[in-house]
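Undergrad: Quick one: this structure, given as structure tokens, is what I'll be asking you about.
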Amino acid sequence: MSALLRLLRTGAPAAACLRLGTSAGTGPRRAMALYHTEERGQPCSQNYRLFFKDVTGHYISPFHDIPLKVNSKEENGIPTKKARNDEYENLFNMIVEIPRWTNAKMEIATEEPLNPIKQYVKDGKLRYVANIFPYKGYIWNYGTLPQTWEDPGEKDKSTNCFGDNDPIDVCEIGSKILSCGEVIHVKILGILALIDEGETDWKLIAINVNDPEASKFHDIDDVEKFKPGYLEATLNWFRLYKVPDGKPENQFAFNGEFKNKAFALEVIKSTHQCWKALLMKKCNGGAINCTNVQISDSPFRCTQEEARSLVESVLSSPNKESNEEEQLKFTGHFKHG
């Protein structure tokens, strides 16, 4: 608790912006092993976008083109670091959207072509989460698993609520403060079922496989054992974080009980199947933009040249409306609709 109190400080929006794209200090954005990011627009503005590229420098969708599971052999010729061989099937790619201790609500833009990361806008204003005493901003590295989707047209059998129309969320509990746009390998430990305004909003609990303490963690019980109080703090944070905005406390399925790894893996499997149906146009995706570069049998696949042209059109128009028209003109045949 003393460490948390030392980190507590005034939640000024400008301070939250300093962590975008940096893991420490204000140095340049570091290249990831298989993925790179490219900024467009000014950070802490409504036109800011963080696009993703693969190792060859081609634009991709982090939502659709980054695999859900970690490559089974090696990364750029280097064997992937694993905590234990028998846990390898439990390794997934996580896209970091929000670094720990920051307030800016960054998220994958699910309704935009190639799904860059942007800051969430509500009522015409950039959104920053309030500090829930004694915490500063988000208390984990927060992000999502690619190639997953909580279908708003499908009622979850265990929660009896429909999905929230987003990729599944991840709370990474390791010791490092990560960067917005990093793609890391995580071990899944468990899951919490948040019910957000009547919708199922799963929250996975995971740890970076390269964290110094990752070898200690194999299931949800290990979190309480080695990080006592963290799960209680997580439950409390999700229960209260919208209250400062005038909303009621959030509710949970299973009376707020964290489910174990086996349960979490089944939820991931289900949301991955929903994503597959989305990309194959076998369900109604609504406004979700399914443009991708690498899913060969998807009707929403575009060429590398088309993806580049799409990114180049971002912010090239003098105002938001004309820019949206340009994107729609280019990607109309890739969208649900």
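Identifiers for the structure tokens are assigned positionally: chains receive A, B, ... in sequence, residues are indexed from 1 per chain, and ligands are indexed from 1 in the order shown.
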Which residues are close to A:Ala193, i.e. within 9 Å by only C-alpha atoms, leaving aside same-chain residues fewer than 3 positions away? Reply as a count of residues only.

TA: 14

Undergrad: Give one line per residue of stretch 190-282 of chain A that approaches stretch 166-179 of chain A to at most 8 Å, naming the two atoms of the closest pair and their distance in Å to one decimal, counting only C-alpha atoms; sort by chain then ascending residue number and deliver it as CSV.

TA:
```
residue,atom,partner,partner_atom,distance
A:Asp201,CA,A:Ile168,CA,7.5
A:Trp202,CA,A:Ile168,CA,6.2
A:Lys203,CA,A:Asp169,CA,5.1
A:Leu204,CA,A:Val170,CA,4.6
A:Ile205,CA,A:Cys171,CA,5.1
A:Ala206,CA,A:Glu172,CA,4.9
A:Ile207,CA,A:Glu172,CA,5.0
A:Asn208,CA,A:Gly174,CA,5.9
A:Asp211,CA,A:Gly174,CA,5.9
A:Pro212,CA,A:Ser175,CA,7.8
A:Glu213,CA,A:Gly174,CA,7.6
A:Ala214,CA,A:Gly174,CA,7.6
A:Ile268,CA,A:Ile168,CA,7.7
A:Thr271,CA,A:Ile168,CA,7.4
```

Undergrad: Tell me, counting only C-alpha atoms, for each residue of stretch 91-127 of chain A within 8 Å of stretch 51-63 of chain A, which pair of atoms is nearest and how far apart they are in Å to one decimal, in rows ordered by chain and increasing number, as a tab-separated table.

TA:
```
residue	atom	partner	partner_atom	distance
A:Ile95	CA	A:Pro62	CA	7.6
A:Ile108	CA	A:Phe63	CA	7.3
A:Thr110	CA	A:Phe63	CA	7.5
A:Pro113	CA	A:Ser61	CA	7.9
A:Leu114	CA	A:Ser61	CA	4.3
A:Asn115	CA	A:Ser61	CA	5.6
A:Pro116	CA	A:Phe51	CA	4.7
A:Ile117	CA	A:Phe51	CA	6.7
```

Undergrad: Kindly export the residues of the current selection with all heavy atoms, as a PDB file, in the first residue's frame.

TA:
```pdb
ATOM      1  N   ILE A  95      -1.997  -6.768 -26.707  1.00  0.00           N
ATOM      2  CA  ILE A  95      -1.722  -5.423 -27.198  1.00  0.00           C
ATOM      3  C   ILE A  95      -1.946  -4.453 -26.038  1.00  0.00           C
ATOM      4  O   ILE A  95      -3.054  -4.370 -25.499  1.00  0.00           O
ATOM      5  CB  ILE A  95      -2.651  -5.066 -28.371  1.00  0.00           C
ATOM      6  CG1 ILE A  95      -2.480  -6.077 -29.511  1.00  0.00           C
ATOM      7  CG2 ILE A  95      -2.370  -3.642 -28.868  1.00  0.00           C
ATOM      8  CD1 ILE A  95      -3.608  -6.040 -30.528  1.00  0.00           C
ATOM      9  N   ILE A 108      -8.159   0.434 -28.951  1.00  0.00           N
ATOM     10  CA  ILE A 108      -8.187   0.099 -30.363  1.00  0.00           C
ATOM     11  C   ILE A 108      -9.480   0.638 -30.963  1.00  0.00           C
ATOM     12  O   ILE A 108     -10.566   0.424 -30.427  1.00  0.00           O
ATOM     13  CB  ILE A 108      -8.086  -1.424 -30.563  1.00  0.00           C
ATOM     14  CG1 ILE A 108      -6.652  -1.894 -30.262  1.00  0.00           C
ATOM     15  CG2 ILE A 108      -8.496  -1.825 -31.971  1.00  0.00           C
ATOM     16  CD1 ILE A 108      -6.470  -3.389 -30.369  1.00  0.00           C
ATOM     17  N   THR A 110     -12.115   0.185 -33.001  1.00  0.00           N
ATOM     18  CA  THR A 110     -12.713  -0.969 -33.679  1.00  0.00           C
ATOM     19  C   THR A 110     -13.537  -0.584 -34.900  1.00  0.00           C
ATOM     20  O   THR A 110     -13.759  -1.424 -35.777  1.00  0.00           O
ATOM     21  CB  THR A 110     -13.594  -1.762 -32.705  1.00  0.00           C
ATOM     22  OG1 THR A 110     -14.628  -0.898 -32.193  1.00  0.00           O
ATOM     23  CG2 THR A 110     -12.773  -2.307 -31.550  1.00  0.00           C
ATOM     24  N   PRO A 113     -10.834   1.924 -40.112  1.00  0.00           N
ATOM     25  CA  PRO A 113     -10.007   1.042 -40.948  1.00  0.00           C
ATOM     26  C   PRO A 113      -8.633   0.814 -40.335  1.00  0.00           C
ATOM     27  O   PRO A 113      -7.978   1.755 -39.870  1.00  0.00           O
ATOM     28  CB  PRO A 113      -9.903   1.810 -42.266  1.00  0.00           C
ATOM     29  CG  PRO A 113     -11.100   2.697 -42.290  1.00  0.00           C
ATOM     30  CD  PRO A 113     -11.336   3.100 -40.865  1.00  0.00           C
ATOM     31  N   LEU A 114      -8.210  -0.435 -40.295  1.00  0.00           N
ATOM     32  CA  LEU A 114      -6.937  -0.896 -39.732  1.00  0.00           C
ATOM     33  C   LEU A 114      -6.859  -0.709 -38.222  1.00  0.00           C
ATOM     34  O   LEU A 114      -5.829  -0.998 -37.622  1.00  0.00           O
ATOM     35  CB  LEU A 114      -5.737  -0.239 -40.431  1.00  0.00           C
ATOM     36  CG  LEU A 114      -5.568  -0.590 -41.916  1.00  0.00           C
ATOM     37  CD1 LEU A 114      -4.322   0.063 -42.485  1.00  0.00           C
ATOM     38  CD2 LEU A 114      -5.528  -2.107 -42.135  1.00  0.00           C
ATOM     39  N   ASN A 115      -7.908  -0.222 -37.605  1.00  0.00           N
ATOM     40  CA  ASN A 115      -8.066  -0.226 -36.151  1.00  0.00           C
ATOM     41  C   ASN A 115      -6.857   0.300 -35.370  1.00  0.00           C
ATOM     42  O   ASN A 115      -6.301  -0.395 -34.514  1.00  0.00           O
ATOM     43  CB  ASN A 115      -8.372  -1.658 -35.671  1.00  0.00           C
ATOM     44  CG  ASN A 115      -9.405  -2.355 -36.533  1.00  0.00           C
ATOM     45  OD1 ASN A 115      -9.096  -3.316 -37.240  1.00  0.00           O
ATOM     46  ND2 ASN A 115     -10.623  -1.871 -36.500  1.00  0.00           N
ATOM     47  N   PRO A 116      -6.434   1.538 -35.635  1.00  0.00           N
ATOM     48  CA  PRO A 116      -5.324   2.109 -34.855  1.00  0.00           C
ATOM     49  C   PRO A 116      -5.763   2.337 -33.411  1.00  0.00           C
ATOM     50  O   PRO A 116      -6.963   2.290 -33.089  1.00  0.00           O
ATOM     51  CB  PRO A 116      -5.058   3.435 -35.557  1.00  0.00           C
ATOM     52  CG  PRO A 116      -6.396   3.832 -36.120  1.00  0.00           C
ATOM     53  CD  PRO A 116      -7.025   2.531 -36.570  1.00  0.00           C
ATOM     54  N   ILE A 117      -4.815   2.586 -32.535  1.00  0.00           N
ATOM     55  CA  ILE A 117      -5.142   2.980 -31.164  1.00  0.00           C
ATOM     56  C   ILE A 117      -5.413   4.478 -31.144  1.00  0.00           C
ATOM     57  O   ILE A 117      -4.698   5.263 -31.767  1.00  0.00           O
ATOM     58  CB  ILE A 117      -4.004   2.624 -30.190  1.00  0.00           C
ATOM     59  CG1 ILE A 117      -3.929   1.105 -30.004  1.00  0.00           C
ATOM     60  CG2 ILE A 117      -4.189   3.307 -28.841  1.00  0.00           C
ATOM     61  CD1 ILE A 117      -2.806   0.640 -29.094  1.00  0.00           C
TER      62      ILE A 117
END
```

Undergrad: Report as a PyMOL selection string all protein, DNA and RNA residues lying within 10 Å of stretch 239-246 of chain A, evaluated on only C-alpha atoms, omitting residues in the same chain fewer than 5 positions from it.

TA: chain A and resi 129-132+137-138+194-196+233-234+251-252+256

Undergrad: Can you write just those residues out, N, CA and C atoms, as a short mmCIF file (atom, residue, chain, number, x, y, z; two decimals), in the first residue's frame?

TA:
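Below you can see part-v2.cif, which holds the result:
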```
data_model
loop_
_atom_site.label_atom_id
_atom_site.label_comp_id
_atom_site.auth_asym_id
_atom_site.auth_seq_id
_atom_site.Cartn_x
_atom_site.Cartn_y
_atom_site.Cartn_z
N VAL A 129 -9.68 8.52 -17.03
CA VAL A 129 -10.31 7.93 -15.86
C VAL A 129 -9.87 8.68 -14.62
N ALA A 130 -10.76 8.77 -13.65
CA ALA A 130 -10.45 9.45 -12.40
C ALA A 130 -9.52 8.59 -11.55
N ASN A 131 -8.82 9.24 -10.63
CA ASN A 131 -8.02 8.51 -9.65
C ASN A 131 -8.95 7.99 -8.56
N ILE A 132 -8.95 6.68 -8.36
CA ILE A 132 -9.74 6.07 -7.30
C ILE A 132 -8.82 5.84 -6.11
N GLY A 137 -4.66 6.39 -11.67
CA GLY A 137 -4.99 5.87 -12.99
C GLY A 137 -5.27 4.37 -12.97
N TYR A 138 -4.90 3.70 -14.06
CA TYR A 138 -5.08 2.26 -14.17
C TYR A 138 -4.02 1.54 -13.33
N LEU A 194 -17.08 -8.62 -15.36
CA LEU A 194 -17.71 -7.33 -15.09
C LEU A 194 -18.99 -7.21 -15.92
N ILE A 195 -20.05 -6.72 -15.30
CA ILE A 195 -21.29 -6.44 -16.02
C ILE A 195 -21.39 -4.93 -16.13
N ASP A 196 -21.12 -4.42 -17.31
CA ASP A 196 -21.05 -2.97 -17.55
C ASP A 196 -22.31 -2.52 -18.28
N ALA A 233 -7.98 -5.22 -4.88
CA ALA A 233 -7.87 -3.88 -5.43
C ALA A 233 -8.46 -3.80 -6.83
N THR A 234 -8.27 -4.86 -7.62
CA THR A 234 -8.81 -4.91 -8.98
C THR A 234 -10.33 -4.89 -8.96
N GLN A 251 -21.42 -3.76 -11.52
CA GLN A 251 -21.78 -5.05 -10.94
C GLN A 251 -20.93 -6.15 -11.57
N PHE A 252 -20.98 -7.34 -10.96
CA PHE A 252 -20.19 -8.46 -11.44
C PHE A 252 -21.03 -9.74 -11.44
N GLY A 256 -18.64 -11.37 -8.04
CA GLY A 256 -17.29 -10.79 -8.04
C GLY A 256 -16.18 -11.80 -7.85
#
```

Undergrad: Please run DSSP on the backbone and report, as a PyMOL selection string, all residues within stretch 54-226 of chain A that come out as strand (DSSP E or B).

TA: chain A and resi 54+59-60+69+74-75+78-79+91-98+104+106-108+117-119+121-122+125-126+128+141-144+155+162-163+169-172+183-196+199-208

Undergrad: Which one of A:Glu107, A:Glu39, A:Glu97, A:Asp164 sits closest to A:Val121 if you count only C-alpha atoms?

TA: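 When distances to A:Val121 are compared using only C-alpha atoms, the smallest one comes from A:Glu107.
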
Undergrad: Which residue is closest to A:Val267? Choose from A:Gly285, A:Pro134, A:Gly163, A:Pro99 and count only C-alpha atoms.

TA: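 Looking at the shortest contact to A:Val267, the residue is A:Gly163.
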
Undergrad: So how far away is atom CA of A:Ile66 from atom CA of A:Cys180, in Å?

TA: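 Interatomic distance here is 15.6 Å.
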
Undergrad: Compile the contact shell of A:Tyr128 as a list in words: residues with an atom at most 6 Å away, counting only C-alpha atoms, same-chain residues fewer than 2 positions apart removed.

TA: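 Here the answer would be Asn103, Ala104 and Lys105 of chain A.
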